[in-house]
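S.K.: Data file coords_37.pdb (PDB, C-alpha atoms) is appended below.
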```pdb
ATOM      1  CA  MET A   1     177.049 115.939  60.424
ATOM      2  CA  LYS A   2     178.674 113.799  57.733
ATOM      3  CA  VAL A   3     178.654 110.829  60.112
ATOM      4  CA  ALA A   4     174.921 111.234  60.785
ATOM      5  CA  ASN A   5     174.222 111.404  57.043
ATOM      6  CA  ASP A   6     176.353 108.312  56.456
ATOM      7  CA  VAL A   7     174.520 106.362  59.201
ATOM      8  CA  ILE A   8     171.082 107.353  57.865
ATOM      9  CA  SER A   9     172.152 106.502  54.335
ATOM     10  CA  TRP A  10     173.442 103.103  55.494
ATOM     11  CA  ILE A  11     170.165 102.359  57.363
ATOM     12  CA  ILE A  12     168.118 103.107  54.253
ATOM     13  CA  ASN A  13     170.420 101.429  51.690
ATOM     14  CA  SER A  14     171.193  98.284  53.699
ATOM     15  CA  GLY A  15     167.583  97.259  54.189
ATOM     16  CA  PHE A  16     167.832  97.641  57.952
ATOM     17  CA  LEU A  17     164.917 100.104  57.890
ATOM     18  CA  ALA A  18     162.766  97.599  56.002
ATOM     19  CA  LEU A  19     163.694  94.894  58.525
ATOM     20  CA  LEU A  20     162.863  97.195  61.409
ATOM     21  CA  ILE A  21     159.459  98.055  59.906
ATOM     22  CA  TYR A  22     158.745  94.368  59.313
ATOM     23  CA  ILE A  23     159.570  93.489  62.939
ATOM     24  CA  VAL A  24     157.392  96.320  64.281
ATOM     25  CA  VAL A  25     154.452  95.217  62.108
ATOM     26  CA  ALA A  26     154.954  91.510  62.871
ATOM     27  CA  PHE A  27     154.917  92.042  66.629
ATOM     28  CA  GLY A  28     152.586  95.039  66.707
ATOM     29  CA  LYS A  29     149.710  93.660  64.632
ATOM     30  CA  PRO A  30     148.771  90.791  66.996
ATOM     31  CA  TRP A  31     148.965  93.179  69.946
ATOM     32  CA  VAL A  32     146.676  95.707  68.235
ATOM     33  CA  ASP A  33     144.298  92.919  67.157
ATOM     34  CA  SER A  34     144.052  91.644  70.734
ATOM     35  CA  LYS A  35     143.281  95.166  71.980
ATOM     36  CA  ILE A  36     140.537  95.555  69.371
ATOM     37  CA  LYS A  37     139.046  92.172  70.277
ATOM     38  CA  HIS A  38     139.109  93.026  73.985
ATOM     39  CA  ALA A  39     137.393  96.364  73.317
ATOM     40  CA  LYS A  40     134.650  94.687  71.272
ATOM     41  CA  THR A  41     134.109  92.059  73.974
ATOM     42  CA  ALA A  42     133.862  94.712  76.681
ATOM     43  CA  GLN A  43     131.458  96.745  74.560
ATOM     44  CA  GLU A  44     129.216  93.715  73.934
ATOM     45  CA  LYS A  45     129.216  92.870  77.644
ATOM     46  CA  GLU A  46     128.119  96.414  78.482
ATOM     47  CA  ALA A  47     125.391  96.237  75.815
ATOM     48  CA  TRP A  48     124.016  93.026  77.357
ATOM     49  CA  THR A  49     124.119  94.546  80.840
ATOM     50  CA  LEU A  50     122.203  97.561  79.554
ATOM     51  CA  LEU A  51     119.703  95.258  77.825
ATOM     52  CA  GLU A  52     119.050  93.400  81.093
ATOM     53  CA  GLN A  53     118.599  96.635  83.054
ATOM     54  CA  VAL A  54     116.275  98.200  80.492
ATOM     55  CA  ALA A  55     114.239  94.984  80.236
ATOM     56  CA  MET A  56     113.847  94.832  84.033
ATOM     57  CA  THR A  57     112.763  98.467  84.120
ATOM     58  CA  ALA A  58     110.273  97.937  81.282
ATOM     59  CA  VAL A  59     108.775  94.863  82.981
ATOM     60  CA  ASN A  60     108.499  96.564  86.371
ATOM     61  CA  ALA A  61     106.910  99.660  84.793
ATOM     62  CA  ARG A  62     104.089  97.563  83.361
ATOM     63  CA  VAL A  63     103.239  95.478  86.440
ATOM     64  CA  GLY A  64     100.102  97.360  87.509
ATOM     65  CA  LYS A  65      98.880  98.305  84.035
ATOM     66  CA  PRO A  66      95.432  97.099  82.950
ATOM     67  CA  MET A  67      96.696  95.010  80.024
ATOM     68  CA  THR A  68      96.929  91.316  79.315
ATOM     69  CA  GLY A  69     100.241  89.562  79.839
ATOM     70  CA  GLN A  70     100.814  89.243  76.100
ATOM     71  CA  GLU A  71     100.138  92.958  75.576
ATOM     72  CA  LYS A  72     102.581  93.831  78.360
ATOM     73  CA  PHE A  73     105.204  91.519  76.856
ATOM     74  CA  ILE A  74     104.887  93.006  73.359
ATOM     75  CA  ASN A  75     104.777  96.551  74.728
ATOM     76  CA  ALA A  76     107.852  96.009  76.922
ATOM     77  CA  SER A  77     109.797  94.290  74.125
ATOM     78  CA  THR A  78     109.030  97.101  71.690
ATOM     79  CA  ALA A  79     109.964  99.749  74.271
ATOM     80  CA  VAL A  80     113.262  98.029  75.084
ATOM     81  CA  GLN A  81     114.261  97.658  71.452
ATOM     82  CA  GLY A  82     113.243 101.255  70.735
ATOM     83  CA  TYR A  83     115.338 102.538  73.636
ATOM     84  CA  LEU A  84     118.383 100.546  72.570
ATOM     85  CA  ALA A  85     117.993 101.626  68.936
ATOM     86  CA  GLU A  86     117.796 105.234  70.124
ATOM     87  CA  LYS A  87     121.142 104.719  71.880
ATOM     88  CA  GLY A  88     122.678 103.175  68.742
ATOM     89  CA  ILE A  89     122.678  99.577  69.999
ATOM     90  CA  ASP A  90     121.270  97.069  67.504
ATOM     91  CA  ILE A  91     120.022  93.869  69.144
ATOM     92  CA  ASP A  92     117.776  91.314  67.470
ATOM     93  CA  MET A  93     114.108  91.317  68.571
ATOM     94  CA  LYS A  94     114.257  87.645  69.594
ATOM     95  CA  GLN A  95     117.090  88.418  71.991
ATOM     96  CA  VAL A  96     115.184  91.416  73.347
ATOM     97  CA  GLU A  97     112.133  89.204  73.890
ATOM     98  CA  ALA A  98     114.285  86.643  75.715
ATOM     99  CA  ALA A  99     115.658  89.390  77.964
ATOM    100  CA  VAL A 100     112.142  90.680  78.696
ATOM    101  CA  GLN A 101     110.971  87.144  79.530
ATOM    102  CA  SER A 102     113.976  86.673  81.797
ATOM    103  CA  ALA A 103     113.287  90.011  83.496
ATOM    104  CA  TYR A 104     109.677  88.973  84.037
ATOM    105  CA  GLU A 105     110.782  85.730  85.673
ATOM    106  CA  LYS A 106     113.363  87.479  87.880
ATOM    107  CA  SER A 107     111.224  90.443  88.898
ATOM    108  CA  PRO A 108     110.020  90.405  92.507
ATOM    109  CA  LEU A 109     107.004  92.488  91.411
ATOM    110  CA  THR A 110     105.529  89.874  89.088
ATOM    111  CA  PRO A 111     103.378  87.157  90.622
ATOM    112  CA  THR A 112     104.606  83.588  90.805
ATOM    113  CA  VAL A 113     102.030  80.893  90.184
ATOM    114  CA  ILE A 114     102.586  77.581  91.945
ATOM    115  CA  ASN A 115     100.849  74.661  90.317
ATOM    116  CA  LYS A 116      98.851  72.752  92.987
ATOM    117  CA  GLU A 117      99.213  69.494  91.063
ATOM    118  CA  GLU A 118     103.000  69.530  91.523
ATOM    119  CA  LYS A 119     102.760  69.496  95.339
TER     120      LYS A 119
END
```
Now, as a test, write the supplied structure out as structure tokens.
M.R.:
Amino acid sequence: MKVANDVISWIINSGFLALLIYIVVAFGKPWVDSKIKHAKTAQEKEAWTLLEQVAMTAVNARVGKPMTGQEKFINASTAVQGYLAEKGIDIDMKQVEAAVQSAYEKSPLTPTVINKEEK
């Protein structure tokens, strides 16, 4: 038991414990920071995927409604942002509007107008 006490006392008094803590922090901090950054990136990617899906659903839900295109756009954008805010995801309205516009352009349910002058 005396030997164990002597070893522990030497570790504390010699500064070896401080060196060990420094090494753990020096090598551990970048590793933890990279894990945090990866988690944030993955979370943002999932938020954008959800935004695209909700925007597509909102656009497709308004296809047959008796409203003007601008009314549908505003209504869909507001609904998408409201849904995301309800889920705790804060995305700027301009980005929501861009996602709704993109969903409108990608949707197979929305009509495509071909300009006859371009032919």
S.K.: Need the shell around segment 87-91 of chain A: protein/DNA/RNA residues with any atom at most 10 Å away, counting all atoms listed in the file. Skip same-chain ones fewer than 4 positions apart. Format as a PyMOL selection string?
M.R.: chain A and resi 44+47-48+50-51+80-83+95-96
S.K.: Identify, on the basis of all atoms listed in the file, every residue whose closest approach to Tyr104 of chain A does not exceed 8 Å; exclude the query and any residue fewer than 4 positions from it along the same chain; express the result as a PyMOL selection string.
M.R.: chain A and resi 56+59+100+110
S.K.: Please produce a file of those selected residues containing C-alpha atoms, as an mmCIF file, in the coordinates of the input.
M.R.:
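The resulting file, result_13.cif, is shown below:
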```cif
data_model
loop_
_atom_site.group_PDB
_atom_site.id
_atom_site.type_symbol
_atom_site.label_atom_id
_atom_site.label_comp_id
_atom_site.auth_asym_id
_atom_site.auth_seq_id
_atom_site.Cartn_x
_atom_site.Cartn_y
_atom_site.Cartn_z
ATOM 1 C CA MET A 56 113.847 94.832 84.033
ATOM 2 C CA VAL A 59 108.775 94.863 82.981
ATOM 3 C CA VAL A 100 112.142 90.680 78.696
ATOM 4 C CA THR A 110 105.529 89.874 89.088
#
```
S.K.: So which one's closest to Glu97 of chain A, A:Ala76, A:Val32, A:Leu84, A:Leu109? Using all atoms listed in the file, please.
M.R.: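 Among the listed residues, the smallest separation from Glu97 of chain A belongs to A:Ala76.
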S.K.: Measure the distance from atom CA of Met67 of chain A to atom CA of Thr49 of chain A in Å and round it to one decimal.
M.R.: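 That distance, rounded to one decimal, is 27.4 Å.
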S.K.: Could you jot down the atom CA of Ser77 of chain A to atom CA of Gly64 of chain A separation for me, Å, one decimal place?
M.R.: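 Calculated distance between atom CA of Ser77 of chain A and atom CA of Gly64 of chain A is 16.8 Å.
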S.K.: What is the distance between atom CA of Lys72 of chain A and atom CA of Ala58 of chain A, in Å to one decimal?
M.R.: 9.2 Å
S.K.: Would you list the contacts of Ser102 of chain A as a list of chain:residue names, taking every protein, DNA or RNA residue within 9 Å and counting all atoms listed in the file, but skipping same-chain residues closer than 4 positions in sequence?
M.R.: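 My reading of the contact set: A:Glu52, A:Ala55, A:Met56, A:Glu97, A:Ala98, A:Lys106, A:Ser107.
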S.K.: Name the closest residue to Ile74 of chain A among the candidates A:Leu20, A:Thr57, A:Met93, A:Lys40; distances are taken between atoms, counting all atoms listed in the file.
M.R.: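 Nearest to Ile74 of chain A: A:Met93.
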S.K.: Point out the residue among A:Ala103, A:Val24, A:Val54, A:Val7 with the least atom-to-atom distance to Ala79 of chain A, counting only C-alpha atoms.
M.R.: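 Ranking A:Ala103, A:Val24, A:Val54, A:Val7 by distance to Ala79 of chain A, first place goes to A:Val54.
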S.K.: Return the single residue from A:Ile12, A:Gln101, A:Ala18, A:Ile36 that is closest to Gly69 of chain A, with distances computed using only C-alpha atoms.
M.R.: A:Gln101
